[in-house]
>>> print(open('data_26.txt').read())   # compact mmCIF, C-alpha atoms
# COMPACT_ATOMS: atom_id res chain seq x y z
CA MET A 1 129.92 384.90 287.64
CA LYS A 2 128.84 385.85 284.15
CA THR A 3 125.52 387.52 283.49
CA PHE A 4 123.75 385.96 280.52
CA HIS A 5 122.52 388.21 277.74
CA ALA A 6 120.76 387.46 274.48
CA ASP A 7 124.01 388.06 272.59
CA SER A 8 125.96 385.42 274.55
CA SER A 9 126.92 382.42 272.48
CA HIS A 10 125.42 379.12 273.56
CA SER A 11 128.80 377.37 273.78
CA GLU A 12 130.15 380.22 275.91
CA THR A 13 127.11 379.92 278.19
CA LYS A 14 127.51 376.15 278.57
CA MET A 15 131.21 376.55 279.38
CA THR A 16 130.43 379.17 282.04
CA ILE A 17 127.71 377.00 283.59
CA ARG A 18 130.04 373.98 283.62
CA HIS A 19 132.77 376.11 285.25
CA ALA A 20 130.36 377.38 287.90
CA ARG A 21 129.25 373.82 288.71
CA THR A 22 132.82 372.62 289.20
CA ARG A 23 133.63 375.54 291.51
CA CYS A 24 130.47 375.21 293.58
CA SER A 25 131.13 374.09 297.16
CA LEU A 26 128.05 375.13 299.09
CA ALA A 27 127.53 374.24 302.74
CA THR A 28 124.31 372.22 302.48
CA PRO A 29 122.80 369.86 299.92
CA GLN A 30 119.74 372.14 299.71
CA ALA A 31 121.95 375.16 298.93
CA ALA A 32 123.76 373.14 296.27
CA SER A 33 120.39 372.07 294.79
CA ALA A 34 119.19 375.68 294.75
CA PHE A 35 122.41 376.65 292.98
CA GLU A 36 121.87 373.84 290.43
CA LEU A 37 118.32 375.14 289.87
CA MET A 38 119.66 378.63 289.22
CA LEU A 39 122.17 377.23 286.71
CA ALA A 40 119.48 375.13 285.03
CA THR A 41 117.32 378.25 284.69
CA TRP A 42 120.20 380.18 283.12
CA GLU A 43 120.87 377.32 280.71
CA ARG A 44 117.21 377.18 279.66
CA GLN A 45 117.10 380.95 279.20
CA ALA A 46 120.28 380.87 277.10
CA MET A 47 118.82 378.12 274.89
CA HIS A 48 115.57 380.09 274.58
CA ASP A 49 117.48 383.19 273.49
CA LEU A 50 119.45 381.16 270.94
CA ILE A 51 116.26 379.69 269.45
CA VAL A 52 114.56 383.09 269.28
CA ARG A 53 117.61 384.62 267.52
CA LYS A 54 117.67 381.77 265.00
CA PHE A 55 113.94 382.07 264.29
CA GLU A 56 114.33 385.84 263.82
CA ALA A 57 117.26 385.31 261.42
CA CYS A 58 115.26 382.73 259.47
CA ALA A 59 112.24 385.05 259.25
CA ARG A 60 114.49 387.76 257.79
CA ASP A 61 116.14 385.31 255.34
CA ARG A 62 119.47 385.75 257.14
CA GLY A 63 120.10 382.18 258.19
CA PRO A 64 118.58 378.85 259.07
CA GLY A 65 116.12 378.40 261.87
CA PRO A 66 116.97 376.46 265.01
CA SER A 67 118.14 372.91 264.46
CA ASP A 68 116.44 369.84 265.88
CA SER A 69 119.41 369.58 268.23
CA ASP A 70 118.78 373.15 269.50
CA LEU A 71 115.14 372.32 270.19
CA ARG A 72 116.02 369.03 271.93
CA SER A 73 118.61 370.80 274.09
CA PHE A 74 116.04 373.42 275.08
CA ALA A 75 113.50 370.73 275.96
CA ARG A 76 116.08 368.82 278.03
CA SER A 77 117.12 371.95 279.92
CA ALA A 78 113.48 372.88 280.63
CA VAL A 79 112.73 369.39 281.97
CA ALA A 80 115.89 369.40 284.12
CA GLU A 81 114.90 372.79 285.53
CA GLN A 82 111.38 371.55 286.37
CA ARG A 83 112.72 368.40 288.05
CA LEU A 84 115.08 370.44 290.21
CA ALA A 85 112.27 372.80 291.19
CA LEU A 86 110.05 369.87 292.16
CA ALA A 87 112.90 368.26 294.12
CA LEU A 88 113.23 371.48 296.11
CA GLY A 89 109.48 371.54 296.75
CA LEU A 90 108.93 374.58 294.56
CA PRO A 91 105.95 374.83 292.24
CA VAL A 92 106.85 374.33 288.59
CA GLY A 93 107.42 377.71 286.99
CA SER A 94 108.67 379.38 290.17
CA ALA A 95 112.27 379.14 288.96
CA GLN A 96 111.43 381.06 285.78
CA GLU A 97 109.61 383.75 287.78
CA ALA A 98 112.45 384.12 290.28
CA ALA A 99 115.14 384.30 287.58
CA GLY A 100 113.23 386.53 285.19
>>> encode(input="data_26.txt", output="structure tokens")
Amino acid sequence: MKTFHADSSHSETKMTIRHARTRCSLATPQAASAFELMLATWERQAMHDLIVRKFEACARDRGPGPSDSDLRSFARSAVAEQRLALALGLPVGSAQEAAG
């Protein structure tokens, strides 16, 4: 499994997450949900890193800031992560703490 770093491209990250989801065959539904939560956390972190890099580039006059689509994707991934955490009975924010 790939470790996500700030220099990973967003499309590369999404492809890796999609690949991991298709290869996931965990024994219990709860284990599969926990795995989905981990993937959702990685996706949110990757989107966060992308947005930060784009804001930094914009601040240094080296490119545009994040697009509306980037921001919407980040918001969707954060909501999906929170819903999965709640479905597992975890307090919201616990996924970020565990992954960070």
>>> atom_distance(input="data_26.txt", atom1="atom CA of Ser67 of chain A", atom2="atom CA of Val92 of chain A")
26.7 Å
>>> atom_distance(input="data_26.txt", atom1="atom CA of Glu36 of chain A", atom2="atom CA of Arg83 of chain A")
10.9 Å
>>> atom_distance(input="data_26.txt", atom1="atom CA of Glu81 of chain A", atom2="atom CA of Glu56 of chain A")
25.3 Å
>>> closest_residue(input="data_26.txt", among="A:Ala46, A:Ile51, A:Ala34, A:Ala40", to="Pro66 of chain A", atoms="only C-alpha atoms")
A:Ile51
>>> residues_around(input="data_26.txt", residues="segment 84-90 of chain A", least_positions_apart="5", cutoff="12 Å", atoms="only C-alpha atoms", output="PDB file with C-alpha atoms, keeping the file's coordinate frame")
ATOM      1  CA  PRO A  29     122.800 369.860 299.920  1.00  0.00           C
ATOM      2  CA  GLN A  30     119.740 372.140 299.710  1.00  0.00           C
ATOM      3  CA  ALA A  31     121.950 375.160 298.930  1.00  0.00           C
ATOM      4  CA  ALA A  32     123.760 373.140 296.270  1.00  0.00           C
ATOM      5  CA  SER A  33     120.390 372.070 294.790  1.00  0.00           C
ATOM      6  CA  ALA A  34     119.190 375.680 294.750  1.00  0.00           C
ATOM      7  CA  PHE A  35     122.410 376.650 292.980  1.00  0.00           C
ATOM      8  CA  GLU A  36     121.870 373.840 290.430  1.00  0.00           C
ATOM      9  CA  LEU A  37     118.320 375.140 289.870  1.00  0.00           C
ATOM     10  CA  MET A  38     119.660 378.630 289.220  1.00  0.00           C
ATOM     11  CA  LEU A  39     122.170 377.230 286.710  1.00  0.00           C
ATOM     12  CA  ALA A  40     119.480 375.130 285.030  1.00  0.00           C
ATOM     13  CA  THR A  41     117.320 378.250 284.690  1.00  0.00           C
ATOM     14  CA  SER A  77     117.120 371.950 279.920  1.00  0.00           C
ATOM     15  CA  ALA A  78     113.480 372.880 280.630  1.00  0.00           C
ATOM     16  CA  VAL A  79     112.730 369.390 281.970  1.00  0.00           C
ATOM     17  CA  ALA A  95     112.270 379.140 288.960  1.00  0.00           C
ATOM     18  CA  GLN A  96     111.430 381.060 285.780  1.00  0.00           C
ATOM     19  CA  GLU A  97     109.610 383.750 287.780  1.00  0.00           C
ATOM     20  CA  ALA A  98     112.450 384.120 290.280  1.00  0.00           C
TER      21      ALA A  98
END
>>> axis_aligned_box(input="data_26.txt", around="segment 71-80 of chain A", padding_each_side="5 Å", output="lines of an AutoDock Vina configuration file")
center_x = 115.7
center_y = 371.1
center_z = 277.2
size_x = 15.9
size_y = 14.6
size_z = 23.9
>>> closest_residue(input="data_26.txt", among="A:Arg62, A:Gln82, A:Asp70, A:Thr28", to="Met47 of chain A", atoms="all atoms listed in the file")
A:Asp70
>>> closest_residue(input="data_26.txt", among="A:Ala80, A:Lys54, A:Arg72, A:Gly65", to="Trp42 of chain A", atoms="all atoms listed in the file")
A:Ala80
